[in-house]
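start32.pdb (PDB, C-alpha atoms and all ligand atoms) appears below.
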```
MODEL        1
ATOM      1  CA  MET A   1       0.000   0.000   0.000
ATOM      2  CA  GLY A   2       2.877   2.359   0.657
ATOM      3  CA  VAL A   3       2.851   5.491   2.736
ATOM      4  CA  PHE A   4       1.360   8.909   2.076
ATOM      5  CA  VAL A   5       3.185  11.937   3.423
ATOM      6  CA  LYS A   6       1.459  15.308   3.458
ATOM      7  CA  PHE A   7       2.965  18.636   4.447
ATOM      8  CA  TRP A   8       0.546  20.803   6.435
ATOM      9  CA  GLY A   9       3.087  23.231   7.881
ATOM     10  CA  THR A  10       6.649  23.700   6.634
ATOM     11  CA  ARG A  11       7.802  27.015   8.177
ATOM     12  CA  GLY A  12      10.112  27.329  11.162
ATOM     13  CA  SER A  13       9.843  29.545  14.209
ATOM     14  CA  ILE A  14       6.671  31.558  13.561
ATOM     15  CA  PRO A  15       3.742  31.466  11.119
ATOM     16  CA  THR A  16       4.669  33.663   8.152
ATOM     17  CA  PRO A  17       1.764  34.438   5.857
ATOM     18  CA  ALA A  18       3.103  36.727   3.126
ATOM     19  CA  SER A  19       3.045  37.180  -0.613
ATOM     20  CA  TRP A  20       6.572  35.790  -0.760
ATOM     21  CA  THR A  21       5.806  32.599   1.196
ATOM     22  CA  ARG A  22       2.761  31.643  -0.877
ATOM     23  CA  VAL A  23       4.464  28.779  -2.709
ATOM     24  CA  TYR A  24       6.116  26.898   0.154
ATOM     25  CA  GLY A  25       3.696  28.028   2.851
ATOM     26  CA  GLY A  26       3.663  30.054   6.060
ATOM     27  CA  ASN A  27       2.293  27.601   8.649
ATOM     28  CA  THR A  28       4.607  26.078  11.224
ATOM     29  CA  SER A  29       5.599  22.402  11.453
ATOM     30  CA  CYS A  30       3.029  19.691  10.897
ATOM     31  CA  VAL A  31       3.443  16.592   8.718
ATOM     32  CA  GLU A  32       0.944  13.782   8.306
ATOM     33  CA  MET A  33       2.025  10.219   7.492
ATOM     34  CA  ARG A  34      -0.494   7.545   6.616
ATOM     35  CA  PHE A  35       0.523   3.905   6.616
ATOM     36  CA  ASP A  36      -2.674   2.163   5.458
ATOM     37  CA  ASP A  37      -5.242   3.253   8.076
ATOM     38  CA  THR A  38      -2.733   4.392  10.670
ATOM     39  CA  VAL A  39      -2.344   8.159  10.829
ATOM     40  CA  PHE A  40       0.740   9.705  12.402
ATOM     41  CA  ILE A  41       0.979  13.442  12.963
ATOM     42  CA  CYS A  42       4.450  14.840  13.406
ATOM     43  CA  ASP A  43       4.288  18.090  15.372
ATOM     44  CA  ALA A  44       1.350  20.348  16.100
ATOM     45  CA  GLY A  45       2.482  23.671  14.642
ATOM     46  CA  SER A  46      -0.106  25.982  13.091
ATOM     47  CA  GLY A  47      -0.388  23.641  10.066
ATOM     48  CA  ILE A  48      -2.334  21.141  12.194
ATOM     49  CA  ARG A  49      -5.371  23.411  12.022
ATOM     50  CA  GLU A  50      -5.913  22.715   8.313
ATOM     51  CA  LEU A  51      -5.181  19.017   8.861
ATOM     52  CA  GLY A  52      -7.968  18.933  11.462
ATOM     53  CA  LYS A  53     -10.461  20.421   9.004
ATOM     54  CA  ASP A  54      -9.376  17.970   6.322
ATOM     55  CA  LEU A  55      -9.752  14.952   8.629
ATOM     56  CA  LEU A  56     -13.377  15.892   9.257
ATOM     57  CA  LYS A  57     -14.092  15.901   5.525
ATOM     58  CA  ARG A  58     -12.673  12.427   4.870
ATOM     59  CA  LYS A  59     -14.999   9.560   3.983
ATOM     60  CA  THR A  60     -13.230   7.190   6.342
ATOM     61  CA  ARG A  61     -12.084   8.964   9.453
ATOM     62  CA  PRO A  62      -9.362   7.222  11.447
ATOM     63  CA  ASP A  63     -10.492   6.048  14.931
ATOM     64  CA  GLU A  64      -7.213   7.034  16.438
ATOM     65  CA  LEU A  65      -4.535   9.635  15.702
ATOM     66  CA  HIS A  66      -0.920   9.178  16.780
ATOM     67  CA  LEU A  67       0.752  12.483  17.648
ATOM     68  CA  LEU A  68       4.532  12.628  17.887
ATOM     69  CA  ILE A  69       6.032  15.912  18.969
ATOM     70  CA  THR A  70       9.718  16.540  18.386
ATOM     71  CA  HIS A  71       9.987  19.083  21.202
ATOM     72  CA  THR A  72       7.803  21.733  22.763
ATOM     73  CA  HIS A  73       9.145  24.939  21.269
ATOM     74  CA  TRP A  74       6.135  27.022  20.455
ATOM     75  CA  ASP A  75       6.172  26.512  16.706
ATOM     76  CA  HIS A  76       5.697  22.751  17.269
ATOM     77  CA  ILE A  77       2.694  22.881  19.625
ATOM     78  CA  GLN A  78       0.915  26.192  18.969
ATOM     79  CA  GLY A  79      -1.643  24.730  16.551
ATOM     80  CA  PHE A  80      -2.987  22.095  18.942
ATOM     81  CA  PRO A  81      -5.652  24.321  20.609
ATOM     82  CA  PHE A  82      -7.049  24.945  17.097
ATOM     83  CA  PHE A  83      -7.162  21.257  16.078
ATOM     84  CA  ILE A  84     -10.913  20.621  15.762
ATOM     85  CA  PRO A  85     -10.779  16.801  16.172
ATOM     86  CA  ALA A  86      -9.444  17.418  19.710
ATOM     87  CA  TYR A  87     -12.861  18.908  20.570
ATOM     88  CA  LEU A  88     -14.874  15.915  19.319
ATOM     89  CA  LYS A  89     -15.665  13.009  21.599
ATOM     90  CA  GLU A  90     -15.415  10.435  18.806
ATOM     91  CA  THR A  91     -11.694  11.187  18.400
ATOM     92  CA  ARG A  92      -8.945   9.417  20.266
ATOM     93  CA  ILE A  93      -5.515  11.071  20.176
ATOM     94  CA  ARG A  94      -2.495   9.230  21.443
ATOM     95  CA  VAL A  95       0.332  11.616  22.347
ATOM     96  CA  TYR A  96       3.740   9.987  22.770
ATOM     97  CA  ASP A  97       6.322  11.109  25.245
ATOM     98  CA  ARG A  98       9.801   9.770  24.605
ATOM     99  CA  ALA A  99      10.021   7.459  27.622
ATOM    100  CA  VAL A 100       8.022   6.447  30.688
ATOM    101  CA  ASP A 101       9.699   9.070  32.883
ATOM    102  CA  ASP A 102       9.377  11.874  30.333
ATOM    103  CA  HIS A 103       6.251  14.010  30.681
ATOM    104  CA  SER A 104       7.496  17.095  28.885
ATOM    105  CA  ARG A 105       5.222  16.877  25.857
ATOM    106  CA  SER A 106       2.063  16.046  27.787
ATOM    107  CA  ARG A 107       2.765  18.746  30.387
ATOM    108  CA  LEU A 108       3.441  21.540  27.922
ATOM    109  CA  LEU A 109       0.817  20.585  25.348
ATOM    110  CA  SER A 110      -1.839  20.955  28.042
ATOM    111  CA  GLY A 111       0.001  23.797  29.822
ATOM    112  CA  GLN A 112      -0.285  26.101  26.799
ATOM    113  CA  MET A 113      -4.067  25.932  27.305
ATOM    114  CA  SER A 114      -4.026  27.351  30.814
ATOM    115  CA  SER A 115      -6.210  30.461  31.091
ATOM    116  CA  GLU A 116      -3.281  32.907  30.805
ATOM    117  CA  TYR A 117      -2.689  31.700  27.259
ATOM    118  CA  PHE A 118      -5.957  30.353  25.893
ATOM    119  CA  PRO A 119      -9.684  30.650  26.716
ATOM    120  CA  VAL A 120     -10.573  26.933  26.533
ATOM    121  CA  PRO A 121      -8.928  24.719  29.170
ATOM    122  CA  PHE A 122      -7.322  21.435  28.160
ATOM    123  CA  HIS A 123      -9.721  19.384  30.307
ATOM    124  CA  ALA A 124     -12.654  20.810  28.321
ATOM    125  CA  LEU A 125     -11.484  19.133  25.103
ATOM    126  CA  GLY A 126     -14.005  16.483  24.120
ATOM    127  CA  ALA A 127     -11.614  13.981  22.567
ATOM    128  CA  GLN A 128     -10.103  11.121  24.464
ATOM    129  CA  ILE A 129      -6.482  12.227  24.728
ATOM    130  CA  VAL A 130      -4.196   9.457  25.899
ATOM    131  CA  PHE A 131      -0.659  10.242  26.982
ATOM    132  CA  ASP A 132       1.472   7.306  25.953
ATOM    133  CA  HIS A 133       5.229   6.849  25.696
ATOM    134  CA  LEU A 134       7.810   5.027  23.623
ATOM    135  CA  LYS A 135       9.641   2.157  25.294
ATOM    136  CA  ASP A 136      13.425   2.552  25.071
ATOM    137  CA  ASN A 137      12.857   5.196  22.402
ATOM    138  CA  GLN A 138      10.963   2.832  20.138
ATOM    139  CA  THR A 139       7.680   1.061  19.682
ATOM    140  CA  ASP A 140       5.503  -0.721  17.131
ATOM    141  CA  ILE A 141       2.246   0.987  16.247
ATOM    142  CA  ASN A 142      -0.052  -1.097  14.035
ATOM    143  CA  GLY A 143       2.934  -2.761  12.371
ATOM    144  CA  VAL A 144       4.892   0.474  11.883
ATOM    145  CA  HIS A 145       8.184   0.558  13.752
ATOM    146  CA  VAL A 146       8.728   4.023  15.237
ATOM    147  CA  ARG A 147      12.093   4.983  16.640
ATOM    148  CA  ALA A 148      13.061   8.260  18.317
ATOM    149  CA  PHE A 149      16.611   9.582  18.101
ATOM    150  CA  LYS A 150      18.323  12.555  19.612
ATOM    151  CA  LEU A 151      18.833  15.793  17.704
ATOM    152  CA  ASN A 152      21.096  18.743  18.472
ATOM    153  CA  HIS A 153      18.824  21.596  19.580
ATOM    154  CA  PRO A 154      18.600  23.940  22.589
ATOM    155  CA  ALA A 155      16.692  22.170  25.429
ATOM    156  CA  GLY A 156      16.703  18.910  23.414
ATOM    157  CA  CYS A 157      14.714  17.541  20.516
ATOM    158  CA  TYR A 158      13.959  14.130  18.976
ATOM    159  CA  GLY A 159      13.656  12.960  15.408
ATOM    160  CA  TYR A 160      11.500   9.993  14.408
ATOM    161  CA  ALA A 161      12.109   7.161  11.940
ATOM    162  CA  PHE A 162       9.051   5.267  10.680
ATOM    163  CA  GLU A 163       9.561   1.868   9.062
ATOM    164  CA  LYS A 164       7.188  -0.624   7.573
ATOM    165  CA  ASN A 165       8.169  -3.450   5.225
ATOM    166  CA  ASP A 166      10.964  -1.911   3.148
ATOM    167  CA  LEU A 167       9.856   1.701   3.506
ATOM    168  CA  LYS A 168      11.568   4.200   5.755
ATOM    169  CA  ILE A 169      10.532   7.812   6.339
ATOM    170  CA  VAL A 170      12.575  10.022   8.663
ATOM    171  CA  TYR A 171      11.369  13.254  10.234
ATOM    172  CA  ALA A 172      14.275  15.185  11.718
ATOM    173  CA  THR A 173      13.565  18.825  12.301
ATOM    174  CA  ASP A 174      15.047  21.364  14.652
ATOM    175  CA  ASN A 175      18.547  20.031  14.458
ATOM    176  CA  GLU A 176      21.864  21.852  14.229
ATOM    177  CA  LEU A 177      24.514  20.191  12.113
ATOM    178  CA  GLU A 178      27.531  22.092  13.305
ATOM    179  CA  ILE A 179      29.933  23.272  10.635
ATOM    180  CA  GLN A 180      33.432  22.315  11.773
ATOM    181  CA  PRO A 181      36.345  24.688  11.096
ATOM    182  CA  GLY A 182      37.679  22.415   8.328
ATOM    183  CA  ASP A 183      34.280  22.274   6.613
ATOM    184  CA  LYS A 184      33.807  25.981   6.080
ATOM    185  CA  PHE A 185      31.587  27.202   3.254
ATOM    186  CA  PRO A 186      32.710  24.950   0.428
ATOM    187  CA  ASP A 187      31.765  26.329  -2.940
ATOM    188  CA  PRO A 188      28.896  24.051  -3.963
ATOM    189  CA  SER A 189      29.987  24.183  -7.572
ATOM    190  CA  HIS A 190      33.240  22.415  -6.627
ATOM    191  CA  LYS A 191      33.563  18.914  -5.371
ATOM    192  CA  ALA A 192      34.520  19.805  -1.831
ATOM    193  CA  GLY A 193      34.710  16.976   0.691
ATOM    194  CA  LEU A 194      31.509  16.120   2.499
ATOM    195  CA  ARG A 195      31.077  17.598   5.956
ATOM    196  CA  ARG A 196      31.462  15.175   8.814
ATOM    197  CA  MET A 197      28.209  14.163  10.444
ATOM    198  CA  PRO A 198      27.450  12.564  13.819
ATOM    199  CA  GLU A 199      27.566   8.791  13.270
ATOM    200  CA  GLU A 200      24.405   8.003  15.256
ATOM    201  CA  LEU A 201      22.482  10.476  13.137
ATOM    202  CA  VAL A 202      23.771   8.989   9.886
ATOM    203  CA  GLU A 203      22.691   5.555  11.175
ATOM    204  CA  ALA A 204      19.226   6.821  12.115
ATOM    205  CA  VAL A 205      18.749   8.222   8.615
ATOM    206  CA  ARG A 206      20.465   5.294   6.807
ATOM    207  CA  ASN A 207      18.745   4.325   3.513
ATOM    208  CA  ALA A 208      15.658   6.470   4.168
ATOM    209  CA  ASP A 209      13.251   6.658   1.258
ATOM    210  CA  LEU A 210      12.482  10.171   2.434
ATOM    211  CA  LEU A 211      14.357  12.419   4.851
ATOM    212  CA  ILE A 212      12.440  15.496   6.014
ATOM    213  CA  ALA A 213      15.072  17.665   7.647
ATOM    214  CA  ASP A 214      15.693  21.055   9.185
ATOM    215  CA  ALA A 215      17.302  23.204   6.487
ATOM    216  CA  GLN A 216      16.435  26.601   7.909
ATOM    217  CA  TYR A 217      19.553  28.430   6.740
ATOM    218  CA  ASP A 218      22.110  28.659   4.012
ATOM    219  CA  ASP A 219      25.794  28.687   4.969
ATOM    220  CA  GLN A 220      25.926  32.479   5.318
ATOM    221  CA  GLN A 221      22.904  32.621   7.631
ATOM    222  CA  TYR A 222      24.238  29.694   9.621
ATOM    223  CA  ALA A 223      27.485  31.561  10.288
ATOM    224  CA  ILE A 224      25.468  34.375  11.926
ATOM    225  CA  LYS A 225      23.059  32.098  13.807
ATOM    226  CA  LYS A 226      25.404  29.369  14.968
ATOM    227  CA  GLY A 227      24.114  27.811  18.206
ATOM    228  CA  TRP A 228      20.438  28.598  17.495
ATOM    229  CA  GLY A 229      19.709  24.931  16.788
ATOM    230  CA  HIS A 230      19.186  24.856  13.021
ATOM    231  CA  SER A 231      21.141  23.733   9.970
ATOM    232  CA  SER A 232      22.374  24.952   6.649
ATOM    233  CA  CYS A 233      20.683  23.263   3.686
ATOM    234  CA  LEU A 234      24.131  22.234   2.391
ATOM    235  CA  SER A 235      24.954  20.409   5.624
ATOM    236  CA  VAL A 236      21.635  18.545   5.435
ATOM    237  CA  THR A 237      22.451  17.597   1.840
ATOM    238  CA  ASP A 238      25.750  16.142   3.034
ATOM    239  CA  LEU A 239      23.912  14.187   5.738
ATOM    240  CA  ALA A 240      21.455  12.754   3.198
ATOM    241  CA  ILE A 241      24.318  11.779   0.850
ATOM    242  CA  GLN A 242      26.271  10.029   3.605
ATOM    243  CA  ALA A 243      23.214   8.182   4.863
ATOM    244  CA  GLY A 244      22.251   7.011   1.353
ATOM    245  CA  ALA A 245      18.816   8.662   1.532
ATOM    246  CA  LYS A 246      16.833   8.608  -1.716
ATOM    247  CA  ASN A 247      14.810  11.810  -1.291
ATOM    248  CA  LEU A 248      15.450  14.902   0.783
ATOM    249  CA  ALA A 249      12.758  17.431   1.712
ATOM    250  CA  LEU A 250      14.239  20.713   2.936
ATOM    251  CA  PHE A 251      12.025  21.701   5.865
ATOM    252  CA  HIS A 252      11.520  24.309   8.632
ATOM    253  CA  HIS A 253      12.063  27.219   6.255
ATOM    254  CA  ASP A 254      13.262  30.393   7.921
ATOM    255  CA  PRO A 255      10.543  33.066   8.322
ATOM    256  CA  GLU A 256      12.764  35.480   6.356
ATOM    257  CA  THR A 257      13.382  33.131   3.438
ATOM    258  CA  THR A 258      11.374  33.839   0.307
ATOM    259  CA  ASP A 259       9.968  31.307  -2.148
ATOM    260  CA  ARG A 260      12.598  32.400  -4.689
ATOM    261  CA  GLU A 261      15.405  31.882  -2.222
ATOM    262  CA  ILE A 262      14.106  28.395  -1.430
ATOM    263  CA  ASP A 263      14.101  27.614  -5.176
ATOM    264  CA  ALA A 264      17.718  28.760  -5.350
ATOM    265  CA  ARG A 265      18.639  26.530  -2.403
ATOM    266  CA  ILE A 266      17.150  23.473  -4.066
ATOM    267  CA  LYS A 267      19.337  24.184  -7.082
ATOM    268  CA  THR A 268      22.504  24.660  -5.046
ATOM    269  CA  CYS A 269      21.914  21.531  -2.957
ATOM    270  CA  SER A 270      21.048  19.439  -6.020
ATOM    271  CA  GLN A 271      24.299  20.588  -7.669
ATOM    272  CA  ARG A 272      26.188  19.459  -4.636
ATOM    273  CA  ALA A 273      24.541  16.016  -4.641
ATOM    274  CA  SER A 274      25.211  15.498  -8.325
ATOM    275  CA  LYS A 275      28.867  16.604  -7.959
ATOM    276  CA  HIS A 276      29.191  13.710  -5.576
ATOM    277  CA  GLY A 277      27.609  11.392  -8.097
ATOM    278  CA  HIS A 278      24.759  10.658  -5.742
ATOM    279  CA  LYS A 279      21.245   9.979  -6.949
ATOM    280  CA  LEU A 280      19.466  12.052  -4.355
ATOM    281  CA  ALA A 281      16.279  13.896  -5.238
ATOM    282  CA  ILE A 282      16.145  17.221  -3.390
ATOM    283  CA  PHE A 283      13.072  19.382  -3.080
ATOM    284  CA  ALA A 284      11.589  21.721  -0.497
ATOM    285  CA  ALA A 285       8.612  20.762   1.644
ATOM    286  CA  ARG A 286       5.628  22.681   0.381
ATOM    287  CA  GLU A 287       2.389  23.195   2.287
ATOM    288  CA  GLY A 288      -0.510  21.149   0.907
ATOM    289  CA  VAL A 289       1.640  18.749  -1.106
ATOM    290  CA  GLU A 290       1.123  15.016  -0.652
ATOM    291  CA  LEU A 291       3.715  12.437  -1.639
ATOM    292  CA  LYS A 292       3.382   8.687  -1.982
ATOM    293  CA  PHE A 293       6.146   6.154  -1.413
TER     294      PHE A 293
HETATM  295 ZN    ZN B 301      10.968  24.806  15.220
HETATM  296 ZN    ZN B 302      12.917  24.364  18.225
ENDMDL
END
```
Show me this structure written as C-alpha cells.
Amino acid sequence: MGVFVKFWGTRGSIPTPASWTRVYGGNTSCVEMRFDDTVFICDAGSGIRELGKDLLKRKTRPDELHLLITHTHWDHIQGFPFFIPAYLKETRIRVYDRAVDDHSRSRLLSGQMSSEYFPVPFHALGAQIVFDHLKDNQTDINGVHVRAFKLNHPAGCYGYAFEKNDLKIVYATDNELEIQPGDKFPDPSHKAGLRRMPEELVEAVRNADLLIADAQYDDQQYAIKKGWGHSSCLSVTDLAIQAGAKNLALFHHDPETTDREIDARIKTCSQRASKHGHKLAIFAAREGVELKF
C-alpha cells in the first residue's frame, strides 16, 4: 500500500503568511504520514489546524490519531488548541512522550491551554487524549516501527524514523549540524569533501526513502546564527548523501526566506549532490503537497 506523506506546515519559528511565502507556505511544522489506516501526525504547529479540518471531511475517518512531537518549542505545539478533532468526543488522540519518565510533551501541550494563554482549558477538550510513551525510544504501532533519536537543539529535541516493510521515512527537524572549522563554506559548484556528520544520526537516517530535515539556513545565515539549533541546507544535503537517503525534503524554512530563495537553495543543494555522483532527489517541503512512497 505504501505510505502517504502530506505537508501541512513547513515554516520554522513563527507562522509567516506573506506574498513571498505563498508557494512553500507560512504555517509552522506539521506533517501527516499515513501507513494504510494508521495516521501519524508529526508536530502540532499551526499547520495542524488545516489538517484537522481535512480529517473531518474524509470519507473514512481514522479512529485514532498518533501524535509525535519533536519538542515543545512554540512553533511545534501552537496549533494544537485549534485542532478541531481534539474537541470531538469520537476522536482518540495518542500523544507519545519519549520514555516512561518523560512528561514534557504532555505537560506543555496541556500547559499552553491554561487560562493565561488560551480561553478553553485542556480538560474541556471532548476527545479522548491518551498520553502514551515510547519504550526505550521505540515502539511498534499497528505494524509500523517508530524509533526516536536525539537531535542537536537547545533544550533537546527528537527525530522519528518510521519503518514498515521496506519503507523508511525520517522526520528530523530542529537540528543543528555544526559546521566544523575544516568544513567551512565549500563552494557548492566544486567537489569539496563532504562535511562530517554525527555517526548516530547517519545511522538513524540510513537508507531512508524520504528524509524530512531542518534546512532553515544557508551557509551564510548559519554563520550568523550558529548555536540557534538549526542547519544549513548544504549540511543537510551532506547528511542525506552520507546516509544514502533517496529523497530529501528541505524543511523548517526560515521566516525570512522567500519562495525564490528556497528555489535557489534546491538548485545549489542538487548541484552538490550530483557533484558527488549521488542519486538524491532534493526538493523543499511545500504546504498542501502530498507524496506517496
Ligand atoms: Zn521549530
Ligand atoms: Zn525548536
Inset, instruction - May I have the residues within 8 Å of stretch 154-161 of chain A as a VMD selection string, using only C-alpha atoms and disregarding those fewer than 4 positions away in the same chain? - result: chain A and resid 70 to 71 145 to 150 168 to 175 204 to 205 228 to 229
Inset, instruction - Run the PyMOL selection byres (((chain A and resi 6-16) around 8) and not hetatm) on the file and write out the hits as a VMD selection string. - result: chain A and resid 4 to 5 17 to 18 21 24 to 33 45 to 48 50 to 51 74 to 75 216 251 to 255 285 to 291
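Selection check: the PyMOL selection byres (((chain A and resi 201) around 9) and not hetatm) on the shown file gives Phe149, Lys150, Leu151, Met197, Pro198, Glu199, Glu200, Val202, Glu203, Ala204, Val205, Arg206, Leu239 and Ala243 of chain A.
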Inset, instruction - Let me know the residues the PyMOL selection byres (((chain A and resi 111) around 12) and not hetatm) catches in the file above, as a PyMOL selection string. - result: chain A and resi 72+74+77-78+80-81+103-110+112-118+120-123
Legend entry - Best match for closeness to A:Leu67 among A:Arg49, A:Arg94, A:His278, A:Arg195, counting all atoms listed in the file: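 The closest residue to A:Leu67 is A:Arg94.
Distance-wise, atom CA of A:Cys233 and atom CA of A:Ala215 end up 4.4 Å apart.
Distance check against A:Pro85 using only C-alpha atoms: of A:Asp63, A:Asp219, A:Asp136, A:Asp36, the minimum falls on A:Asp63.
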Inset, instruction - Compile the contact shell of A:Leu280 as a list in words: residues with an atom at most 9 Å away, counting all atoms listed in the file, same-chain residues fewer than 5 positions apart removed. - result: Thr237, Ala240, Ile241, Gly244, Ala245, Lys246, Asn247, Leu248, Ser270, Ala273 and Ser274 of chain A
Take the residues from that selection and put them in a file with C-alpha atoms, as a PDB file, in the coordinates of the input.
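Output (result_26.pdb):
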```pdb
ATOM      1  CA  THR A 237      22.451  17.597   1.840  1.00  0.00           C
ATOM      2  CA  ALA A 240      21.455  12.754   3.198  1.00  0.00           C
ATOM      3  CA  ILE A 241      24.318  11.779   0.850  1.00  0.00           C
ATOM      4  CA  GLY A 244      22.251   7.011   1.353  1.00  0.00           C
ATOM      5  CA  ALA A 245      18.816   8.662   1.532  1.00  0.00           C
ATOM      6  CA  LYS A 246      16.833   8.608  -1.716  1.00  0.00           C
ATOM      7  CA  ASN A 247      14.810  11.810  -1.291  1.00  0.00           C
ATOM      8  CA  LEU A 248      15.450  14.902   0.783  1.00  0.00           C
ATOM      9  CA  SER A 270      21.048  19.439  -6.020  1.00  0.00           C
ATOM     10  CA  ALA A 273      24.541  16.016  -4.641  1.00  0.00           C
ATOM     11  CA  SER A 274      25.211  15.498  -8.325  1.00  0.00           C
TER      12      SER A 274
END
```
